[in-house]
Amino acid sequence: MKERQLQGPQLTPEIIKTAFTIECECGSKIFIEKIIIKKISALISPSGNEELVPMPIMVCDKCGKMPKIFDPNNLIPTELKTIK
């Protein structure tokens with residue numbers, strides 16, 4: 001017997017075409033994925049041990065900065081963000 005999976009709304013080419021394109025302060029619309037590493041102190045780590053946590057981020061291919069829209073929780077160091 002085949003299990004039936006619930007599916008949410010599907011993105012169509014029309015929806016994608018009309019969606020807002022994120023733009024960097026420098027004007028570029030091309031982004032690349034990079035990784036920063038956060039060091040979690042043993043004092044606050046759930047495991048009680050010091051931990052290194054990789055965090056993928058999206059940065060501008062032209063200037064290397066990250067628009068604030070990609071960091072709604074303010075987790076990324078200020079020097080990596082654009083001023084916009």
# chains A, B, ... in the order shown; residues from 1 in each chain; ligands from 1
>>> residues_around(residues="segment 53-55 of chain A", least_positions_apart="2", cutoff="6 Å", atoms="only C-alpha atoms", output="VMD selection string")
chain A and resid 35 to 38
>>> write_last_selection(atoms="N, CA and C atoms", output="PDB file, in the first residue's frame")
ATOM      1  N   ILE A  35      30.156  29.686   4.443  1.00  0.00           N
ATOM      2  CA  ILE A  35      29.896  29.151   5.779  1.00  0.00           C
ATOM      3  C   ILE A  35      30.729  29.909   6.793  1.00  0.00           C
ATOM      4  N   ILE A  36      30.089  30.338   7.888  1.00  0.00           N
ATOM      5  CA  ILE A  36      30.835  30.875   9.018  1.00  0.00           C
ATOM      6  C   ILE A  36      30.715  29.853  10.146  1.00  0.00           C
ATOM      7  N   ILE A  37      31.650  29.878  11.054  1.00  0.00           N
ATOM      8  CA  ILE A  37      31.656  28.935  12.171  1.00  0.00           C
ATOM      9  C   ILE A  37      31.457  29.712  13.463  1.00  0.00           C
ATOM     10  N   LYS A  38      30.449  29.329  14.231  1.00  0.00           N
ATOM     11  CA  LYS A  38      30.198  29.932  15.538  1.00  0.00           C
ATOM     12  C   LYS A  38      30.741  28.982  16.599  1.00  0.00           C
TER      13      LYS A  38
END
>>> residues_around(residues="Glu51 of chain A", least_positions_apart="6", cutoff="8 Å", atoms="only C-alpha atoms", output="ChimeraX atom specification")
/A:39-42,45
>>> closest_residue(among="A:Pro56, A:Pro46, A:Pro67, A:Pro72", to="Lys34 of chain A", atoms="only C-alpha atoms")
A:Pro56
>>> atom_distance(atom1="atom CA of Glu79 of chain A", atom2="atom CA of Leu43 of chain A")
26.2 Å
>>> residues_around(residues="segment 17-22 of chain A", least_positions_apart="2", cutoff="12 Å", atoms="only C-alpha atoms", output="list in words")
Leu11, Thr12, Pro13, Glu14, Ile15, Cys24, Glu25, Cys26, Gly27, Ser28, Lys29, Ile30, Phe31, Met58, Val59, Cys60, Met66, Pro67, Lys68, Ile69 and Phe70 of chain A
>>> write_last_selection(atoms="N, CA and C atoms", output="compact mmCIF listing (two decimals), in the first residue's frame")
# COMPACT_ATOMS: atom_id res chain seq x y z
N LEU A 11 5.22 26.04 -6.21
CA LEU A 11 5.71 27.25 -6.86
C LEU A 11 5.64 27.03 -8.37
N THR A 12 5.02 27.96 -9.04
CA THR A 12 4.91 27.87 -10.49
C THR A 12 5.87 28.87 -11.11
N PRO A 13 6.20 28.71 -12.39
CA PRO A 13 7.06 29.68 -13.06
C PRO A 13 6.49 31.10 -12.99
N GLU A 14 5.18 31.24 -13.02
CA GLU A 14 4.55 32.55 -12.95
C GLU A 14 4.79 33.21 -11.59
N ILE A 15 4.68 32.43 -10.53
CA ILE A 15 4.91 32.96 -9.18
C ILE A 15 6.37 33.39 -9.04
N CYS A 24 21.67 43.43 -3.52
CA CYS A 24 22.66 43.92 -2.57
C CYS A 24 22.76 45.44 -2.67
N GLU A 25 23.28 46.06 -1.64
CA GLU A 25 23.50 47.51 -1.65
C GLU A 25 24.36 47.95 -2.83
N CYS A 26 25.25 47.11 -3.28
CA CYS A 26 26.14 47.45 -4.40
C CYS A 26 25.44 47.31 -5.75
N GLY A 27 24.21 46.77 -5.73
CA GLY A 27 23.44 46.63 -6.97
C GLY A 27 23.43 45.24 -7.55
N SER A 28 24.27 44.36 -7.07
CA SER A 28 24.32 43.00 -7.59
C SER A 28 23.13 42.18 -7.12
N LYS A 29 22.71 41.23 -7.95
CA LYS A 29 21.61 40.32 -7.62
C LYS A 29 22.08 38.87 -7.57
N ILE A 30 23.39 38.68 -7.60
CA ILE A 30 23.97 37.34 -7.58
C ILE A 30 24.61 37.09 -6.21
N PHE A 31 24.25 35.96 -5.60
CA PHE A 31 24.76 35.61 -4.27
C PHE A 31 25.37 34.22 -4.30
N MET A 58 24.47 33.58 2.84
CA MET A 58 24.49 34.00 1.44
C MET A 58 25.15 35.39 1.39
N VAL A 59 26.21 35.50 0.59
CA VAL A 59 26.90 36.78 0.45
C VAL A 59 26.90 37.21 -1.01
N CYS A 60 27.00 38.51 -1.22
CA CYS A 60 27.02 39.08 -2.56
C CYS A 60 28.27 38.60 -3.31
N MET A 66 26.62 40.69 3.05
CA MET A 66 25.34 40.01 3.13
C MET A 66 24.24 41.01 3.47
N PRO A 67 23.22 41.15 2.61
CA PRO A 67 22.10 42.04 2.95
C PRO A 67 21.43 41.61 4.25
N LYS A 68 20.97 42.59 5.02
CA LYS A 68 20.34 42.31 6.31
C LYS A 68 19.13 41.39 6.20
N ILE A 69 18.47 41.39 5.06
CA ILE A 69 17.28 40.55 4.88
C ILE A 69 17.62 39.06 5.07
N PHE A 70 18.89 38.69 4.87
CA PHE A 70 19.31 37.30 5.05
C PHE A 70 19.62 36.96 6.50
>>> atom_distance(atom1="atom CA of Asn74 of chain A", atom2="atom CA of Ile32 of chain A")
19.3 Å
>>> select_by_dssp(residues="chain A", states="strand (DSSP E)", output="JSON, numbers by chain")
{"A": [31, 32, 33, 34, 35, 36, 37, 38, 39, 40, 51, 52, 53, 54, 55, 56, 57, 58, 59, 60]}
